[in-house]
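Enquirer: Following this line is work-v7.txt, made up of compact mmCIF, C-alpha atoms:
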```txt
# COMPACT_ATOMS: atom_id res chain seq x y z
CA MET A 1 74.36 71.81 -92.98
CA SER A 2 74.40 68.30 -94.35
CA GLU A 3 71.64 65.79 -94.82
CA LEU A 4 70.95 62.19 -95.65
CA THR A 5 67.80 60.79 -97.21
CA LEU A 6 67.11 57.09 -97.14
CA THR A 7 64.38 54.51 -96.84
CA ALA A 8 62.81 54.55 -93.39
CA THR A 9 63.72 51.06 -92.19
CA THR A 10 65.33 49.87 -88.99
CA GLU A 11 68.17 48.45 -91.11
CA ASN A 12 69.08 52.04 -92.01
CA ILE A 13 69.46 53.25 -88.40
CA ALA A 14 73.13 52.23 -88.55
CA ALA A 15 73.65 54.38 -91.67
CA VAL A 16 72.04 57.40 -90.00
CA THR A 17 74.16 56.88 -86.89
CA ALA A 18 77.34 56.62 -88.97
CA PHE A 19 76.43 59.80 -90.88
CA VAL A 20 75.84 61.78 -87.67
CA ASP A 21 78.85 60.33 -85.83
CA GLU A 22 81.10 61.39 -88.69
CA GLU A 23 79.86 64.97 -88.34
CA LEU A 24 80.21 64.88 -84.54
CA GLU A 25 83.76 63.61 -84.75
CA LYS A 26 84.73 66.62 -86.87
CA LEU A 27 83.45 68.80 -84.02
CA ASP A 28 85.41 67.07 -81.28
CA CYS A 29 82.17 66.10 -79.57
CA SER A 30 82.50 64.40 -76.19
CA MET A 31 81.95 60.64 -76.21
CA LYS A 32 79.09 61.03 -73.74
CA ALA A 33 77.17 63.54 -75.87
CA GLN A 34 77.79 61.42 -78.97
CA MET A 35 76.39 58.29 -77.31
CA GLN A 36 73.34 60.22 -76.05
CA ILE A 37 72.73 61.51 -79.57
CA ASP A 38 73.17 57.99 -80.99
CA VAL A 39 70.53 56.69 -78.57
CA ALA A 40 68.19 59.54 -79.60
CA ILE A 41 68.68 58.59 -83.27
CA ASP A 42 67.79 54.98 -82.47
CA GLU A 43 64.59 56.07 -80.71
CA LEU A 44 63.44 58.60 -83.30
CA PHE A 45 64.41 56.85 -86.52
CA SER A 46 62.99 53.52 -85.33
CA ASN A 47 59.69 55.28 -84.57
CA ILE A 48 59.58 56.56 -88.14
CA ALA A 49 60.54 53.14 -89.50
CA PHE A 50 57.85 51.36 -87.48
CA TYR A 51 54.94 53.81 -87.64
CA ALA A 52 55.19 56.51 -90.32
CA TYR A 53 54.33 54.54 -93.43
CA GLU A 54 51.95 51.73 -94.30
CA ASN A 55 53.92 50.74 -97.38
CA GLY A 56 57.33 52.21 -96.82
CA GLY A 57 58.80 55.60 -97.61
CA ASP A 58 61.78 57.87 -97.18
CA ALA A 59 63.08 59.87 -94.26
CA THR A 60 65.59 62.70 -94.23
CA VAL A 61 68.00 63.43 -91.40
CA ARG A 62 69.53 66.89 -91.40
CA PHE A 63 72.57 67.87 -89.36
CA ASP A 64 73.28 71.45 -88.30
CA TYR A 65 75.77 72.93 -85.91
CA ALA A 66 76.08 76.45 -84.53
CA ASP A 67 77.57 77.93 -81.36
CA GLY A 68 78.18 74.62 -79.63
CA VAL A 69 74.71 73.25 -80.32
CA VAL A 70 73.96 70.35 -82.64
CA THR A 71 70.53 70.32 -84.28
CA LEU A 72 69.21 67.13 -85.82
CA THR A 73 66.03 67.26 -87.87
CA PHE A 74 64.07 64.15 -88.82
CA ILE A 75 61.64 64.60 -91.70
CA ASP A 76 59.16 62.07 -93.08
CA SER A 77 56.05 62.24 -95.26
CA GLY A 78 54.16 59.60 -93.32
CA LYS A 79 51.01 59.98 -91.27
CA PRO A 80 51.01 63.00 -88.95
CA TYR A 81 52.28 62.04 -85.53
CA ASP A 82 53.45 64.31 -82.73
CA PRO A 83 55.51 62.30 -80.23
CA THR A 84 55.93 65.34 -77.96
CA LYS A 85 52.20 65.06 -77.14
CA LYS A 86 52.59 61.58 -75.76
CA ASP A 87 52.22 61.36 -71.97
CA ASP A 88 55.42 60.63 -70.10
CA PRO A 89 55.52 57.06 -68.78
CA ASP A 90 55.28 56.39 -65.07
CA THR A 91 58.88 55.51 -64.20
CA THR A 92 58.02 54.52 -60.63
CA LEU A 93 55.97 51.41 -61.47
CA SER A 94 57.17 47.94 -60.53
CA ALA A 95 58.56 45.51 -63.10
CA GLU A 96 55.21 43.75 -63.40
CA GLU A 97 53.33 46.96 -64.16
CA ARG A 98 55.93 48.48 -66.44
CA GLN A 99 55.10 49.50 -70.00
CA ILE A 100 57.86 50.14 -72.51
CA GLY A 101 55.75 52.28 -74.83
CA GLY A 102 56.74 55.92 -74.62
CA LEU A 103 60.00 55.24 -72.82
CA GLY A 104 62.13 56.02 -75.88
CA ILE A 105 60.66 59.48 -76.45
CA PHE A 106 60.88 60.16 -72.73
CA LEU A 107 64.57 59.25 -72.81
CA VAL A 108 65.14 61.64 -75.72
CA LYS A 109 63.38 64.45 -73.85
CA LYS A 110 65.55 63.86 -70.79
CA THR A 111 68.93 63.60 -72.51
CA MET A 112 68.57 66.26 -75.24
CA ASP A 113 68.23 70.00 -74.64
CA SER A 114 64.95 70.03 -76.54
CA LEU A 115 62.58 67.97 -78.69
CA ASP A 116 60.21 69.86 -80.98
CA TYR A 117 57.62 68.77 -83.50
CA ARG A 118 55.86 70.54 -86.33
CA TYR A 119 53.75 69.38 -89.26
CA GLU A 120 54.70 71.31 -92.35
CA ASP A 121 53.87 70.86 -96.05
CA GLY A 122 52.54 67.37 -95.42
CA LYS A 123 55.64 66.35 -93.48
CA ASN A 124 56.47 65.42 -89.91
CA VAL A 125 59.42 67.54 -88.82
CA LEU A 126 61.01 66.50 -85.56
CA THR A 127 63.95 68.48 -84.19
CA ILE A 128 66.33 67.72 -81.36
CA LYS A 129 68.99 70.06 -80.03
CA LYS A 130 71.98 69.09 -77.95
CA THR A 131 74.80 71.19 -76.55
CA ILE A 132 78.04 69.32 -77.14
CA MET B 1 76.76 43.60 -81.19
CA THR B 2 78.53 40.49 -79.94
CA ILE B 3 76.99 38.22 -77.32
CA ASN B 4 79.30 36.06 -75.23
CA LYS B 5 77.68 33.49 -72.98
CA GLN B 6 79.25 31.54 -70.16
CA LEU B 7 77.19 28.87 -68.44
CA ASN B 8 78.17 27.47 -65.08
CA GLY B 9 75.58 24.92 -63.95
CA THR B 10 72.36 26.94 -63.82
CA ALA B 11 74.17 30.29 -63.69
CA LEU B 12 74.63 32.14 -66.94
CA THR B 13 76.74 35.21 -67.61
CA VAL B 14 75.93 37.16 -70.76
CA ALA B 15 78.58 39.66 -71.84
CA LEU B 16 77.50 42.17 -74.48
CA GLU B 17 79.86 44.06 -76.71
CA GLY B 18 78.68 46.98 -78.86
CA ARG B 19 75.28 48.63 -78.89
CA LEU B 20 72.01 47.27 -77.56
CA ASP B 21 69.49 49.07 -79.75
CA THR B 22 66.57 48.56 -82.13
CA THR B 23 68.69 46.59 -84.58
CA THR B 24 70.51 44.33 -82.13
CA SER B 25 67.90 43.76 -79.40
CA PRO B 26 66.04 41.01 -81.31
CA GLN B 27 69.31 39.07 -81.41
CA LEU B 28 69.59 39.21 -77.60
CA GLU B 29 65.91 38.38 -77.19
CA ASP B 30 66.36 35.24 -79.30
CA GLU B 31 69.46 34.18 -77.35
CA LEU B 32 67.67 34.62 -74.03
CA LYS B 33 64.55 32.81 -75.15
CA SER B 34 66.56 29.63 -75.61
CA SER B 35 68.89 30.19 -72.63
CA LEU B 36 66.58 31.24 -69.78
CA PRO B 37 64.65 28.00 -69.11
CA GLY B 38 66.12 26.32 -66.02
CA LEU B 39 68.44 29.17 -65.04
CA THR B 40 68.62 30.28 -61.42
CA LYS B 41 71.10 33.09 -61.90
CA LEU B 42 71.49 35.43 -64.84
CA THR B 43 74.27 38.02 -64.89
CA PHE B 44 74.76 40.63 -67.59
CA ASP B 45 78.26 41.96 -68.01
CA PHE B 46 78.01 45.38 -69.66
CA SER B 47 81.70 46.33 -69.44
CA LYS B 48 81.93 46.41 -73.24
CA LEU B 49 78.45 47.74 -73.91
CA GLU B 50 78.57 51.23 -75.44
CA TYR B 51 74.93 52.20 -74.99
CA ILE B 52 71.39 50.95 -74.60
CA SER B 53 68.14 52.32 -76.05
CA SER B 54 64.53 51.60 -75.09
CA ALA B 55 64.50 48.53 -77.37
CA GLY B 56 67.22 47.06 -75.15
CA LEU B 57 65.35 48.03 -72.00
CA ARG B 58 62.36 46.06 -73.23
CA VAL B 59 64.45 42.88 -73.56
CA LEU B 60 66.05 43.40 -70.14
CA LEU B 61 62.63 43.90 -68.54
CA GLY B 62 61.37 40.68 -70.13
CA ALA B 63 64.38 38.76 -68.84
CA HIS B 64 63.98 40.35 -65.40
CA LYS B 65 60.33 39.27 -65.20
CA THR B 66 61.21 35.70 -66.18
CA MET B 67 64.06 35.54 -63.66
CA LEU B 68 61.83 36.90 -60.86
CA LYS B 69 59.94 33.60 -61.08
CA GLN B 70 62.95 31.31 -61.16
CA GLY B 71 65.96 33.02 -59.57
CA GLU B 72 67.83 36.27 -59.79
CA MET B 73 69.16 38.62 -62.41
CA THR B 74 72.01 41.10 -61.99
CA VAL B 75 73.45 43.73 -64.30
CA THR B 76 77.13 44.51 -63.79
CA ASN B 77 79.77 46.95 -65.07
CA VAL B 78 77.48 49.60 -66.53
CA ASN B 79 79.14 52.66 -68.03
CA GLU B 80 78.03 56.25 -67.51
CA ILE B 81 75.72 56.32 -70.53
CA VAL B 82 73.95 53.07 -69.66
CA LYS B 83 73.66 54.17 -66.03
CA GLU B 84 72.01 57.43 -67.08
CA VAL B 85 69.48 55.53 -69.21
CA PHE B 86 68.65 53.25 -66.24
CA GLU B 87 68.27 56.23 -63.90
CA VAL B 88 66.17 58.41 -66.21
CA THR B 89 63.76 55.56 -66.98
CA GLY B 90 63.49 54.31 -63.41
CA PHE B 91 65.09 50.99 -64.36
CA SER B 92 67.69 51.52 -61.64
CA ASP B 93 64.86 50.91 -59.14
CA ILE B 94 63.71 47.73 -60.88
CA LEU B 95 66.94 46.01 -61.83
CA ASN B 96 69.60 44.71 -59.51
CA ILE B 97 72.62 46.72 -60.66
CA GLU B 98 76.08 46.11 -59.25
```
Turn this file's structure into structure tokens for me.
Expert:
Amino acid sequence: MSELTLTATTENIAAVTAFVDEELEKLDCSMKAQMQIDVAIDELFSNIAFYAYENGGDATVRFDYADGVVTLTFIDSGKPYDPTKKDDPDTTLSAEERQIGGLGIFLVKKTMDSLDYRYEDGKNVLTIKKTI
Amino acid sequence: MTINKQLNGTALTVALEGRLDTTTSPQLEDELKSSLPGLTKLTFDFSKLEYISSAGLRVLLGAHKTMLKQGEMTVTNVNEIVKEVFEVTGFSDILNIE
């Protein structure tokens, strides 16, 4: 297990991505799975950066690997928010009717094996798993 | 991300290199804001685009809506990752992808 704690800002998404990519490269992860994971990081970490804190705060990203499955855990101490409860967007609407809200989480759900949320000790704990 | 633009009359080709995500999408949005007025044809060349996240989709949708009123927009050379994002989100039904 390894983890990285840093200020939850969109500027730090690149640092999180670099941290995770370095771990994935040690595991000989396929380029496709790596890119899908990178997109998931962008969606989840940006959500924390935009919505978790009123006046800024930290987020921790934890990397685990076992039996071919990568587990990424995103932890923040911001306001409780369960993105898995959000309704899936209607992906059949025309361009004019389209809403972008919710599309990122939906994309994560579709490209990762799982997306799970729990609120624990005053923290949002969001976990994604991906077979690589 | 690097943005390369090539204007031919009222036809613009925008080639993106790198990642179109939360951090880089505002850069593309700014470029398009100044470039779109008067265009009749907008082509995105994604041959060097690694991936796109929902932040990038938002910018593409905005450009698509603008171009619906004044011409056409096409997205070309999408890789497997970008294609999957378009398909999962239903964007493959909205955008003209070649």
Enquirer: Please list, as a list in words, the residues that have an atom at most 10 Å away from (57.0, 62.0, -79.7) in the coordinates of this file, counting only C-alpha atoms.
Expert: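 The residues near that point, listed by chain and number, are Glu43, Leu44, Asn47, Tyr81, Asp82, Pro83, Thr84, Lys85, Lys86, Asp87, Asp88, Gly102, Gly104, Ile105, Phe106, Val108, Lys109, Leu115, Asp116, Tyr117 and Leu126 of chain A.
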Enquirer: If you take only C-alpha atoms and a cut-off of 6 Å, which residues of chain B touch chain A, and what are their nearest atom pairs and distances in Å to one decimal, in chain and number order, as a Markdown table?
Expert:
```
| residue | atom | partner | partner_atom | distance |
| --- | --- | --- | --- | --- |
| B:Ser53 | CA | A:Val39 | CA | 5.6 |
| B:Ser54 | CA | A:Gly104 | CA | 5.1 |
| B:Thr89 | CA | A:Thr91 | CA | 5.6 |
| B:Gly90 | CA | A:Thr91 | CA | 4.8 |
```
Enquirer: Looking at all atoms listed in the file, which of B:Leu57, B:Met1, B:Ile97, B:Leu49 is the one that sits closest to Val85 (chain B)?
Expert: B:Leu57
Enquirer: Nearest to Ala63 (chain B): which of B:Asn4, B:Ser35, B:Thr23, B:Ser92 is it, counting only C-alpha atoms?
Expert: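 Among the listed residues, B:Ser35 lies closest to Ala63 (chain B).
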Enquirer: Smallest atom-to-atom distance to Glu29 (chain B): which of B:Met73, B:Leu7, B:Leu61, B:Ile94, using all atoms listed in the file?
Expert: B:Leu61
Enquirer: At what distance in Å, to one decimal, does CA of Ile128 (chain A) lie from CA of Asp21 (chain B)?
Expert: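 A separation of 19.0 Å between them.
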Enquirer: Step by step, gather every atom of region 75-81 of chain A that the file lists, find the box along x, y and z that holds them, add 5 Å on each side, and finally give centre and edge lengths in Å to one decimal, as AutoDock Vina command-line options.
Expert:
```
--center_x 56.3 --center_y 62.1 --center_z -90.4 --size_x 20.6 --size_y 15.0 --size_z 19.7
```
Enquirer: Could you check how far CA of Ser30 (chain A) sits from CA of Glu50 (chain B), in Å to one decimal?
Expert: 13.8 Å
Enquirer: Separation of CA of Val20 (chain A) and CA of Leu28 (chain B), in Å?
Expert: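 Rounded to one decimal, the two atoms are 25.5 Å apart.
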Enquirer: Could N, CA and C atoms be built for region 28-54 of chain A and written out as a tab-separated table (two decimals), in the frame of the given file?
Expert:
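File written: out.tsv
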```
chain	number	residue	atom	x	y	z
A	28	ASP	N	84.80	67.41	-82.55
A	28	ASP	CA	85.41	67.07	-81.28
A	28	ASP	C	84.37	66.90	-80.17
A	29	CYS	N	83.27	66.31	-80.53
A	29	CYS	CA	82.17	66.10	-79.57
A	29	CYS	C	82.61	65.12	-78.49
A	30	SER	N	82.16	65.34	-77.25
A	30	SER	CA	82.50	64.40	-76.19
A	30	SER	C	81.84	63.05	-76.48
A	31	MET	N	82.48	61.98	-75.98
A	31	MET	CA	81.95	60.64	-76.21
A	31	MET	C	80.56	60.52	-75.58
A	32	LYS	N	80.38	61.13	-74.43
A	32	LYS	CA	79.09	61.03	-73.74
A	32	LYS	C	77.97	61.65	-74.58
A	33	ALA	N	78.20	62.87	-75.07
A	33	ALA	CA	77.17	63.54	-75.87
A	33	ALA	C	76.90	62.75	-77.15
A	34	GLN	N	77.96	62.20	-77.75
A	34	GLN	CA	77.79	61.42	-78.97
A	34	GLN	C	76.91	60.18	-78.74
A	35	MET	N	77.18	59.49	-77.63
A	35	MET	CA	76.39	58.29	-77.31
A	35	MET	C	74.92	58.66	-77.04
A	36	GLN	N	74.72	59.79	-76.34
A	36	GLN	CA	73.34	60.22	-76.05
A	36	GLN	C	72.61	60.55	-77.36
A	37	ILE	N	73.33	61.18	-78.27
A	37	ILE	CA	72.73	61.51	-79.57
A	37	ILE	C	72.45	60.23	-80.35
A	38	ASP	N	73.37	59.27	-80.30
A	38	ASP	CA	73.17	57.99	-80.99
A	38	ASP	C	71.91	57.27	-80.47
A	39	VAL	N	71.73	57.32	-79.15
A	39	VAL	CA	70.53	56.69	-78.57
A	39	VAL	C	69.28	57.42	-79.08
A	40	ALA	N	69.34	58.76	-79.11
A	40	ALA	CA	68.19	59.54	-79.60
A	40	ALA	C	67.86	59.18	-81.05
A	41	ILE	N	68.90	58.99	-81.87
A	41	ILE	CA	68.68	58.59	-83.27
A	41	ILE	C	67.96	57.24	-83.32
A	42	ASP	N	68.41	56.31	-82.49
A	42	ASP	CA	67.79	54.98	-82.47
A	42	ASP	C	66.30	55.10	-82.13
A	43	GLU	N	65.99	55.91	-81.13
A	43	GLU	CA	64.59	56.07	-80.71
A	43	GLU	C	63.75	56.73	-81.81
A	44	LEU	N	64.25	57.81	-82.38
A	44	LEU	CA	63.44	58.60	-83.30
A	44	LEU	C	63.33	57.95	-84.68
A	45	PHE	N	64.46	57.45	-85.18
A	45	PHE	CA	64.41	56.85	-86.52
A	45	PHE	C	63.64	55.53	-86.50
A	46	SER	N	63.74	54.77	-85.41
A	46	SER	CA	62.99	53.52	-85.33
A	46	SER	C	61.49	53.80	-85.28
A	47	ASN	N	61.10	54.89	-84.59
A	47	ASN	CA	59.69	55.28	-84.57
A	47	ASN	C	59.17	55.55	-85.98
A	48	ILE	N	59.97	56.27	-86.76
A	48	ILE	CA	59.58	56.56	-88.14
A	48	ILE	C	59.49	55.26	-88.94
A	49	ALA	N	60.50	54.40	-88.76
A	49	ALA	CA	60.54	53.14	-89.50
A	49	ALA	C	59.32	52.25	-89.17
A	50	PHE	N	58.94	52.24	-87.90
A	50	PHE	CA	57.85	51.36	-87.48
A	50	PHE	C	56.46	51.93	-87.80
A	51	TYR	N	56.30	53.26	-87.66
A	51	TYR	CA	54.94	53.81	-87.64
A	51	TYR	C	54.57	54.79	-88.74
A	52	ALA	N	55.54	55.40	-89.41
A	52	ALA	CA	55.19	56.51	-90.32
A	52	ALA	C	54.42	56.04	-91.56
A	53	TYR	N	54.88	54.95	-92.13
A	53	TYR	CA	54.33	54.54	-93.43
A	53	TYR	C	53.66	53.16	-93.38
A	54	GLU	N	52.59	53.04	-94.17
A	54	GLU	CA	51.95	51.73	-94.30
A	54	GLU	C	52.77	50.87	-95.26
```
